[in-house]
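The block underneath contains the structure these notes are about, expressed in C-alpha coordinates.
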Amino acid sequence: AAAIHEEAITLYEAFEDLDYDWSASYHYCFLADIRLEQGRPDEALKAARAGHKIARHKDIDDPEALSFSHRIMGTAYLRKNDLERAGLEYAKASFYAYSFLVYPIKPPDPYTIKWYRDVCEDITAQIMGLARAGREADARALVAALVRFWEPYWSDQPPSDDPAAWLAAGDAKALAWHIFPANSESADYALDAPFCRRARALVDRVRPVVNPPKSKRQSG
(Lines give C-alpha, C1' and ligand atoms only; values in the text may rest on other atoms or scores of the structure.)
Protein backbone atom coordinates (compact mmCIF):
# COMPACT_ATOMS: atom_id res chain seq x y z
CA ALA A 1 0.00 0.00 0.00
CA ALA A 2 2.83 2.39 0.81
CA ALA A 3 4.22 1.96 -2.72
CA ILE A 4 0.97 3.17 -4.25
CA HIS A 5 1.00 6.40 -2.22
CA GLU A 6 4.73 6.91 -2.79
CA GLU A 7 4.22 6.62 -6.55
CA ALA A 8 1.37 9.14 -6.46
CA ILE A 9 3.51 11.52 -4.38
CA THR A 10 6.42 11.15 -6.80
CA LEU A 11 4.15 12.12 -9.69
CA TYR A 12 2.76 15.03 -7.73
CA GLU A 13 6.22 16.32 -6.80
CA ALA A 14 7.34 16.02 -10.43
CA PHE A 15 4.69 18.58 -11.35
CA GLU A 16 4.92 20.80 -8.28
CA ASP A 17 4.64 23.91 -10.46
CA LEU A 18 0.98 23.00 -11.01
CA ASP A 19 -1.75 24.26 -8.70
CA TYR A 20 -1.94 22.34 -5.46
CA ASP A 21 -4.02 19.20 -5.81
CA TRP A 22 -6.21 18.39 -2.79
CA SER A 23 -5.82 14.65 -3.40
CA ALA A 24 -2.07 14.88 -2.85
CA SER A 25 -2.63 15.75 0.81
CA TYR A 26 -4.43 12.43 1.30
CA HIS A 27 -1.64 10.45 -0.33
CA TYR A 28 0.82 12.01 2.09
CA CYS A 29 -1.48 11.32 5.06
CA PHE A 30 -2.17 7.72 4.09
CA LEU A 31 1.56 7.18 3.69
CA ALA A 32 2.12 8.79 7.10
CA ASP A 33 -0.44 6.45 8.66
CA ILE A 34 1.39 3.45 7.17
CA ARG A 35 4.70 4.72 8.54
CA LEU A 36 3.12 4.93 11.98
CA GLU A 37 1.98 1.32 11.72
CA GLN A 38 5.55 0.41 10.73
CA GLY A 39 6.92 2.09 13.86
CA ARG A 40 8.58 4.94 11.95
CA PRO A 41 7.23 8.10 13.64
CA ASP A 42 9.80 10.50 12.19
CA GLU A 43 8.88 9.48 8.64
CA ALA A 44 5.21 9.68 9.58
CA LEU A 45 5.71 13.26 10.79
CA LYS A 46 7.49 14.23 7.59
CA ALA A 47 4.70 12.87 5.37
CA ALA A 48 1.92 14.27 7.57
CA ARG A 49 3.48 17.73 7.54
CA ALA A 50 3.62 17.63 3.74
CA GLY A 51 -0.05 16.66 3.62
CA HIS A 52 -0.89 19.39 6.10
CA LYS A 53 0.87 22.04 4.01
CA ILE A 54 -1.27 21.21 1.00
CA ALA A 55 -4.48 21.02 3.05
CA ARG A 56 -3.78 24.53 4.38
CA HIS A 57 -3.38 25.98 0.89
CA LYS A 58 -5.70 28.97 0.40
CA ASP A 59 -7.51 27.30 -2.48
CA ILE A 60 -8.08 24.06 -0.57
CA ASP A 61 -8.34 24.61 3.22
CA ASP A 62 -9.72 21.10 3.69
CA PRO A 63 -10.86 20.39 7.30
CA GLU A 64 -10.95 16.65 6.67
CA ALA A 65 -7.35 16.48 5.49
CA LEU A 66 -6.28 18.89 8.24
CA SER A 67 -7.82 16.68 10.92
CA PHE A 68 -6.21 13.64 9.28
CA SER A 69 -2.73 15.19 9.28
CA HIS A 70 -2.99 16.54 12.84
CA ARG A 71 -4.22 13.18 14.18
CA ILE A 72 -1.24 11.41 12.64
CA MET A 73 1.18 14.04 13.96
CA GLY A 74 -0.36 13.68 17.41
CA THR A 75 0.20 9.93 17.46
CA ALA A 76 3.70 10.31 16.03
CA TYR A 77 4.62 12.71 18.83
CA LEU A 78 3.04 10.32 21.33
CA ARG A 79 5.30 7.54 20.03
CA LYS A 80 8.23 9.93 20.50
CA ASN A 81 7.10 10.62 24.10
CA ASP A 82 6.46 14.30 23.38
CA LEU A 83 3.18 14.61 25.28
CA GLU A 84 2.87 18.37 24.99
CA ARG A 85 3.05 18.36 21.20
CA ALA A 86 0.89 15.26 20.99
CA GLY A 87 -1.82 17.03 22.98
CA LEU A 88 -1.63 20.11 20.76
CA GLU A 89 -1.92 18.07 17.58
CA TYR A 90 -4.78 15.99 18.95
CA ALA A 91 -6.63 19.16 19.93
CA LYS A 92 -6.28 20.50 16.40
CA ALA A 93 -7.32 17.16 14.91
CA SER A 94 -10.52 17.17 16.95
CA PHE A 95 -11.19 20.82 16.08
CA TYR A 96 -10.93 20.29 12.32
CA ALA A 97 -12.94 17.06 12.47
CA TYR A 98 -15.67 18.93 14.38
CA SER A 99 -15.60 21.87 11.97
CA PHE A 100 -15.93 19.37 9.09
CA LEU A 101 -19.47 18.70 10.36
CA VAL A 102 -20.62 22.21 9.43
CA TYR A 103 -17.91 23.84 7.27
CA PRO A 104 -17.86 24.73 4.43
CA ILE A 105 -21.34 25.96 5.29
CA LYS A 106 -23.45 22.81 5.24
CA PRO A 107 -25.31 20.52 7.63
CA PRO A 108 -23.74 17.29 8.90
CA ASP A 109 -24.01 14.20 6.72
CA PRO A 110 -23.35 10.50 7.42
CA TYR A 111 -19.75 10.76 6.21
CA THR A 112 -18.78 13.79 8.31
CA ILE A 113 -20.55 12.38 11.37
CA LYS A 114 -18.56 9.14 11.08
CA TRP A 115 -15.32 11.01 10.37
CA TYR A 116 -15.64 13.10 13.53
CA ARG A 117 -16.55 10.05 15.62
CA ASP A 118 -13.62 8.03 14.25
CA VAL A 119 -11.07 10.82 14.82
CA CYS A 120 -12.19 11.38 18.41
CA GLU A 121 -12.37 7.69 19.29
CA ASP A 122 -8.98 7.02 17.70
CA ILE A 123 -7.46 9.74 19.88
CA THR A 124 -8.96 8.30 23.05
CA ALA A 125 -7.87 4.80 22.02
CA GLN A 126 -4.29 6.09 21.82
CA ILE A 127 -4.65 7.70 25.24
CA MET A 128 -6.10 4.47 26.62
CA GLY A 129 -3.04 2.70 25.27
CA LEU A 130 -0.86 4.88 27.47
CA ALA A 131 -2.88 3.90 30.53
CA ARG A 132 -2.68 0.21 29.66
CA ALA A 133 1.10 0.57 29.33
CA GLY A 134 1.29 1.78 32.92
CA ARG A 135 1.50 5.48 32.05
CA GLU A 136 -1.71 6.52 33.80
CA ALA A 137 -0.34 9.93 34.78
CA ASP A 138 0.55 10.74 31.16
CA ALA A 139 -2.87 9.58 29.99
CA ARG A 140 -4.62 11.75 32.59
CA ALA A 141 -2.47 14.73 31.58
CA LEU A 142 -3.50 14.36 27.93
CA VAL A 143 -7.17 14.05 28.87
CA ALA A 144 -6.92 17.20 31.00
CA ALA A 145 -5.21 19.15 28.19
CA LEU A 146 -7.92 18.21 25.69
CA VAL A 147 -10.73 19.06 28.11
CA ARG A 148 -9.09 22.48 28.65
CA PHE A 149 -8.91 23.03 24.91
CA TRP A 150 -12.66 22.38 24.61
CA GLU A 151 -13.53 24.47 27.66
CA PRO A 152 -15.66 26.84 25.50
CA TYR A 153 -17.92 23.87 24.86
CA TRP A 154 -17.96 22.37 28.34
CA SER A 155 -18.56 25.72 30.02
CA ASP A 156 -22.01 25.79 28.40
CA GLN A 157 -22.90 22.19 29.30
CA PRO A 158 -24.47 20.68 32.43
CA PRO A 159 -21.97 19.16 34.86
CA SER A 160 -20.58 15.92 33.43
CA ASP A 161 -18.83 12.86 34.82
CA ASP A 162 -15.11 13.18 35.37
CA PRO A 163 -13.38 11.91 32.19
CA ALA A 164 -10.72 10.33 34.40
CA ALA A 165 -13.36 7.88 35.63
CA TRP A 166 -13.92 6.64 32.08
CA LEU A 167 -10.17 6.44 31.58
CA ALA A 168 -9.93 4.25 34.67
CA ALA A 169 -12.83 2.14 33.40
CA GLY A 170 -10.99 1.50 30.11
CA ASP A 171 -13.89 2.72 27.97
CA ALA A 172 -12.33 4.63 25.05
CA LYS A 173 -15.65 5.42 23.38
CA ALA A 174 -17.27 6.82 26.52
CA LEU A 175 -14.08 8.73 27.28
CA ALA A 176 -14.23 10.44 23.87
CA TRP A 177 -17.62 11.97 24.58
CA HIS A 178 -16.51 13.26 27.98
CA ILE A 179 -13.64 15.12 26.29
CA PHE A 180 -14.91 16.30 22.90
CA PRO A 181 -18.11 18.13 21.91
CA ALA A 182 -21.12 15.92 21.25
CA ASN A 183 -21.45 14.60 17.73
CA SER A 184 -24.40 15.30 15.48
CA GLU A 185 -27.28 12.91 16.11
CA SER A 186 -28.76 13.35 12.66
CA ALA A 187 -27.75 13.80 9.05
CA ASP A 188 -31.08 15.46 8.32
CA TYR A 189 -30.47 18.83 9.91
CA ALA A 190 -31.15 22.03 7.99
CA LEU A 191 -28.54 24.78 7.93
CA ASP A 192 -30.51 26.76 10.50
CA ALA A 193 -31.08 23.81 12.85
CA PRO A 194 -30.00 24.38 16.48
CA PHE A 195 -27.10 21.90 16.23
CA CYS A 196 -25.69 23.62 13.14
CA ARG A 197 -25.96 27.06 14.70
CA ARG A 198 -24.31 25.93 17.93
CA ALA A 199 -21.57 24.03 16.10
CA ARG A 200 -20.69 26.95 13.82
CA ALA A 201 -20.65 29.32 16.79
CA LEU A 202 -18.31 26.98 18.70
CA VAL A 203 -16.01 26.56 15.70
CA ASP A 204 -15.84 30.33 15.23
CA ARG A 205 -15.09 30.76 18.94
CA VAL A 206 -12.29 28.20 19.03
CA ARG A 207 -10.76 28.94 15.61
CA PRO A 208 -8.61 31.89 16.81
CA VAL A 209 -6.94 29.54 19.30
CA VAL A 210 -6.09 27.07 16.52
CA ASN A 211 -5.24 29.73 13.93
CA PRO A 212 -4.07 32.89 15.71
CA PRO A 213 -3.72 36.17 13.77
CA LYS A 214 -0.81 36.01 11.34
CA SER A 215 1.44 38.10 13.57
CA LYS A 216 1.11 35.42 16.27
CA ARG A 217 0.67 32.32 14.11
CA GLN A 218 3.17 29.52 14.34
CA SER A 219 1.34 26.69 12.63
CA GLY A 220 -2.25 25.58 11.88
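Order determines the names: the first chain of the C-alpha coordinates is A, the second B, and so forth; residues in each chain are numbered 1 upward, and ligands are numbered 1 upward as they are shown.
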Long-range neighbours of Asp171 (chain A) as a CSV table (one decimal) with N, CA, C and O atoms, in the first residue's frame, 10 Å cut-off, only C-alpha atoms, 4 positions minimum in chain:
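Listed below is the output, around_26.csv:
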chain,number,residue,atom,x,y,z
A,124,THR,N,-8.8,8.9,21.7
A,124,THR,CA,-9.0,8.3,23.1
A,124,THR,C,-8.4,6.9,23.1
A,124,THR,O,-8.0,6.4,24.2
A,125,ALA,N,-8.5,6.1,22.0
A,125,ALA,CA,-7.9,4.8,22.0
A,125,ALA,C,-6.4,4.9,22.2
A,125,ALA,O,-5.8,4.1,22.9
A,128,MET,N,-5.9,5.7,25.8
A,128,MET,CA,-6.1,4.5,26.6
A,128,MET,C,-4.9,3.5,26.6
A,128,MET,O,-4.6,2.8,27.5
A,165,ALA,N,-12.7,9.1,35.2
A,165,ALA,CA,-13.4,7.9,35.6
A,165,ALA,C,-13.5,6.9,34.5
A,165,ALA,O,-13.4,5.7,34.6
A,166,TRP,N,-13.8,7.5,33.3
A,166,TRP,CA,-13.9,6.6,32.1
A,166,TRP,C,-12.6,6.1,31.6
A,166,TRP,O,-12.5,5.0,31.1
A,167,LEU,N,-11.5,6.9,31.9
A,167,LEU,CA,-10.2,6.4,31.6
A,167,LEU,C,-9.8,5.2,32.5
A,167,LEU,O,-9.3,4.2,32.0
A,175,LEU,N,-15.0,7.7,27.0
A,175,LEU,CA,-14.1,8.7,27.3
A,175,LEU,C,-14.1,9.8,26.2
A,175,LEU,O,-14.1,11.0,26.6
A,176,ALA,N,-14.2,9.4,24.9
A,176,ALA,CA,-14.2,10.4,23.9
A,176,ALA,C,-15.3,11.5,24.1
A,176,ALA,O,-15.1,12.7,23.9
(Q) I'd like to know which residues of region 127-163 of chain A are alpha helix (DSSP H) (by DSSP, run on the backbone); could you write them as a PyMOL selection string? (A) chain A and resi 127-132+136-149+151-154+163
Could you save the residues just selected, with N, CA and C atoms, as a PDB file, in the first residue's frame?
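Done, and the output landed in again.pdb:
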ATOM      1  N   ILE A 127      -4.836   7.320  23.841  1.00  0.00           N
ATOM      2  CA  ILE A 127      -4.652   7.703  25.245  1.00  0.00           C
ATOM      3  C   ILE A 127      -4.846   6.494  26.150  1.00  0.00           C
ATOM      4  N   MET A 128      -5.852   5.678  25.840  1.00  0.00           N
ATOM      5  CA  MET A 128      -6.100   4.474  26.620  1.00  0.00           C
ATOM      6  C   MET A 128      -4.900   3.529  26.552  1.00  0.00           C
ATOM      7  N   GLY A 129      -4.234   3.524  25.397  1.00  0.00           N
ATOM      8  CA  GLY A 129      -3.040   2.696  25.266  1.00  0.00           C
ATOM      9  C   GLY A 129      -1.949   3.113  26.234  1.00  0.00           C
ATOM     10  N   LEU A 130      -1.824   4.409  26.481  1.00  0.00           N
ATOM     11  CA  LEU A 130      -0.856   4.885  27.474  1.00  0.00           C
ATOM     12  C   LEU A 130      -1.185   4.310  28.846  1.00  0.00           C
ATOM     13  N   ALA A 131      -2.466   4.393  29.214  1.00  0.00           N
ATOM     14  CA  ALA A 131      -2.875   3.902  30.530  1.00  0.00           C
ATOM     15  C   ALA A 131      -2.598   2.407  30.663  1.00  0.00           C
ATOM     16  N   ARG A 132      -2.903   1.651  29.603  1.00  0.00           N
ATOM     17  CA  ARG A 132      -2.675   0.205  29.656  1.00  0.00           C
ATOM     18  C   ARG A 132      -1.186  -0.125  29.760  1.00  0.00           C
ATOM     19  N   GLU A 136      -0.429   5.907  33.455  1.00  0.00           N
ATOM     20  CA  GLU A 136      -1.707   6.524  33.796  1.00  0.00           C
ATOM     21  C   GLU A 136      -1.586   8.033  33.962  1.00  0.00           C
ATOM     22  N   ALA A 137      -0.505   8.495  34.556  1.00  0.00           N
ATOM     23  CA  ALA A 137      -0.336   9.934  34.777  1.00  0.00           C
ATOM     24  C   ALA A 137      -0.256  10.683  33.447  1.00  0.00           C
ATOM     25  N   ASP A 138       0.456  10.118  32.481  1.00  0.00           N
ATOM     26  CA  ASP A 138       0.549  10.744  31.163  1.00  0.00           C
ATOM     27  C   ASP A 138      -0.812  10.745  30.478  1.00  0.00           C
ATOM     28  N   ALA A 139      -1.539   9.650  30.600  1.00  0.00           N
ATOM     29  CA  ALA A 139      -2.873   9.577  29.992  1.00  0.00           C
ATOM     30  C   ALA A 139      -3.794  10.616  30.609  1.00  0.00           C
ATOM     31  N   ARG A 140      -3.768  10.754  31.928  1.00  0.00           N
ATOM     32  CA  ARG A 140      -4.618  11.752  32.589  1.00  0.00           C
ATOM     33  C   ARG A 140      -4.230  13.160  32.175  1.00  0.00           C
ATOM     34  N   ALA A 141      -2.926  13.396  31.988  1.00  0.00           N
ATOM     35  CA  ALA A 141      -2.470  14.731  31.578  1.00  0.00           C
ATOM     36  C   ALA A 141      -2.986  15.083  30.182  1.00  0.00           C
ATOM     37  N   LEU A 142      -2.975  14.113  29.274  1.00  0.00           N
ATOM     38  CA  LEU A 142      -3.497  14.358  27.927  1.00  0.00           C
ATOM     39  C   LEU A 142      -4.998  14.618  27.956  1.00  0.00           C
ATOM     40  N   VAL A 143      -5.721  13.834  28.742  1.00  0.00           N
ATOM     41  CA  VAL A 143      -7.169  14.054  28.874  1.00  0.00           C
ATOM     42  C   VAL A 143      -7.431  15.463  29.388  1.00  0.00           C
ATOM     43  N   ALA A 144      -6.710  15.867  30.424  1.00  0.00           N
ATOM     44  CA  ALA A 144      -6.921  17.199  31.005  1.00  0.00           C
ATOM     45  C   ALA A 144      -6.623  18.300  29.997  1.00  0.00           C
ATOM     46  N   ALA A 145      -5.568  18.126  29.188  1.00  0.00           N
ATOM     47  CA  ALA A 145      -5.211  19.146  28.192  1.00  0.00           C
ATOM     48  C   ALA A 145      -6.304  19.283  27.135  1.00  0.00           C
ATOM     49  N   LEU A 146      -6.871  18.167  26.712  1.00  0.00           N
ATOM     50  CA  LEU A 146      -7.923  18.210  25.691  1.00  0.00           C
ATOM     51  C   LEU A 146      -9.218  18.788  26.247  1.00  0.00           C
ATOM     52  N   VAL A 147      -9.537  18.471  27.490  1.00  0.00           N
ATOM     53  CA  VAL A 147     -10.729  19.064  28.109  1.00  0.00           C
ATOM     54  C   VAL A 147     -10.556  20.579  28.217  1.00  0.00           C
ATOM     55  N   ARG A 148      -9.349  21.034  28.580  1.00  0.00           N
ATOM     56  CA  ARG A 148      -9.093  22.485  28.654  1.00  0.00           C
ATOM     57  C   ARG A 148      -9.264  23.140  27.294  1.00  0.00           C
ATOM     58  N   PHE A 149      -8.779  22.469  26.251  1.00  0.00           N
ATOM     59  CA  PHE A 149      -8.915  23.027  24.906  1.00  0.00           C
ATOM     60  C   PHE A 149     -10.381  23.245  24.557  1.00  0.00           C
ATOM     61  N   GLU A 151     -12.813  23.792  26.585  1.00  0.00           N
ATOM     62  CA  GLU A 151     -13.531  24.474  27.663  1.00  0.00           C
ATOM     63  C   GLU A 151     -14.665  25.365  27.163  1.00  0.00           C
ATOM     64  N   PRO A 152     -14.522  26.038  25.994  1.00  0.00           N
ATOM     65  CA  PRO A 152     -15.657  26.837  25.499  1.00  0.00           C
ATOM     66  C   PRO A 152     -16.926  26.017  25.275  1.00  0.00           C
ATOM     67  N   TYR A 153     -16.755  24.745  24.990  1.00  0.00           N
ATOM     68  CA  TYR A 153     -17.925  23.871  24.856  1.00  0.00           C
ATOM     69  C   TYR A 153     -18.436  23.440  26.221  1.00  0.00           C
ATOM     70  N   TRP A 154     -17.532  22.926  27.062  1.00  0.00           N
ATOM     71  CA  TRP A 154     -17.958  22.370  28.340  1.00  0.00           C
ATOM     72  C   TRP A 154     -18.494  23.424  29.289  1.00  0.00           C
ATOM     73  N   PRO A 163     -13.932  12.788  33.234  1.00  0.00           N
ATOM     74  CA  PRO A 163     -13.378  11.907  32.194  1.00  0.00           C
ATOM     75  C   PRO A 163     -12.390  10.891  32.745  1.00  0.00           C
TER      76      PRO A 163
END
Q) So, counting only C-alpha atoms, which residue among A:Glu121, A:Ala47, A:Leu191, A:Ser94 is closest to Ile34 (chain A)? A) A:Ala47
Compile a residue-level contact table for region 72-184 of chain A against region 49-64 of chain A at a cut-off of 12 Å, reporting for every qualifying residue the shortest atom pair and its distance in Å to one decimal, with only C-alpha atoms counted, rows ordered by chain and ascending number, as JSON lines.
{"residue": "A:Ile72", "atom": "CA", "partner": "A:Arg49", "partner_atom": "CA", "distance": 9.4}
{"residue": "A:Met73", "atom": "CA", "partner": "A:Arg49", "partner_atom": "CA", "distance": 7.8}
{"residue": "A:Gly74", "atom": "CA", "partner": "A:Arg49", "partner_atom": "CA", "distance": 11.3}
{"residue": "A:Ala76", "atom": "CA", "partner": "A:Arg49", "partner_atom": "CA", "distance": 11.3}
{"residue": "A:Glu89", "atom": "CA", "partner": "A:Arg49", "partner_atom": "CA", "distance": 11.4}
{"residue": "A:Lys92", "atom": "CA", "partner": "A:Pro63", "partner_atom": "CA", "distance": 10.2}
{"residue": "A:Ala93", "atom": "CA", "partner": "A:Pro63", "partner_atom": "CA", "distance": 9.0}
{"residue": "A:Ser94", "atom": "CA", "partner": "A:Pro63", "partner_atom": "CA", "distance": 10.2}
{"residue": "A:Phe95", "atom": "CA", "partner": "A:Pro63", "partner_atom": "CA", "distance": 8.8}
{"residue": "A:Tyr96", "atom": "CA", "partner": "A:Pro63", "partner_atom": "CA", "distance": 5.0}
{"residue": "A:Ala97", "atom": "CA", "partner": "A:Glu64", "partner_atom": "CA", "distance": 6.2}
{"residue": "A:Tyr98", "atom": "CA", "partner": "A:Pro63", "partner_atom": "CA", "distance": 8.7}
{"residue": "A:Ser99", "atom": "CA", "partner": "A:Pro63", "partner_atom": "CA", "distance": 6.8}
{"residue": "A:Phe100", "atom": "CA", "partner": "A:Pro63", "partner_atom": "CA", "distance": 5.5}
{"residue": "A:Leu101", "atom": "CA", "partner": "A:Pro63", "partner_atom": "CA", "distance": 9.3}
{"residue": "A:Val102", "atom": "CA", "partner": "A:Pro63", "partner_atom": "CA", "distance": 10.2}
{"residue": "A:Tyr103", "atom": "CA", "partner": "A:Pro63", "partner_atom": "CA", "distance": 7.9}
{"residue": "A:Pro104", "atom": "CA", "partner": "A:Pro63", "partner_atom": "CA", "distance": 8.7}
{"residue": "A:Tyr111", "atom": "CA", "partner": "A:Glu64", "partner_atom": "CA", "distance": 10.6}
{"residue": "A:Thr112", "atom": "CA", "partner": "A:Glu64", "partner_atom": "CA", "distance": 8.5}
{"residue": "A:Ile113", "atom": "CA", "partner": "A:Glu64", "partner_atom": "CA", "distance": 11.5}
{"residue": "A:Lys114", "atom": "CA", "partner": "A:Glu64", "partner_atom": "CA", "distance": 11.6}
{"residue": "A:Trp115", "atom": "CA", "partner": "A:Glu64", "partner_atom": "CA", "distance": 8.0}
{"residue": "A:Tyr116", "atom": "CA", "partner": "A:Glu64", "partner_atom": "CA", "distance": 9.0}
{"residue": "A:Asp118", "atom": "CA", "partner": "A:Glu64", "partner_atom": "CA", "distance": 11.8}
{"residue": "A:Val119", "atom": "CA", "partner": "A:Glu64", "partner_atom": "CA", "distance": 10.0}
Q: Would you please work out which residue, of A:Cys120, A:Val209, A:Ile179, A:Leu45, is nearest to Tyr77 (chain A) when using only C-alpha atoms?
A: A:Leu45
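Of the listed residues A:Gly170, A:Pro213, A:Pro158, A:Pro107, the one whose atoms come nearest to Arg200 (chain A) is A:Pro107, with distances taken using only C-alpha atoms.
For the residues A:Arg117, A:Lys46, A:Lys80, A:Arg71, ranking by smallest atom-to-atom distance to Asn183 (chain A) using only C-alpha atoms places A:Arg117 first.
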Q. To one decimal place, how far is CA of Ala174 (chain A) from CA of Ala133 (chain A) in Å?
A. 19.6 Å
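Minimum distance to Arg135 (chain A) across A:Ser25, A:Asn81, A:Ser155, A:Gln38 (counting only C-alpha atoms) occurs at A:Asn81.
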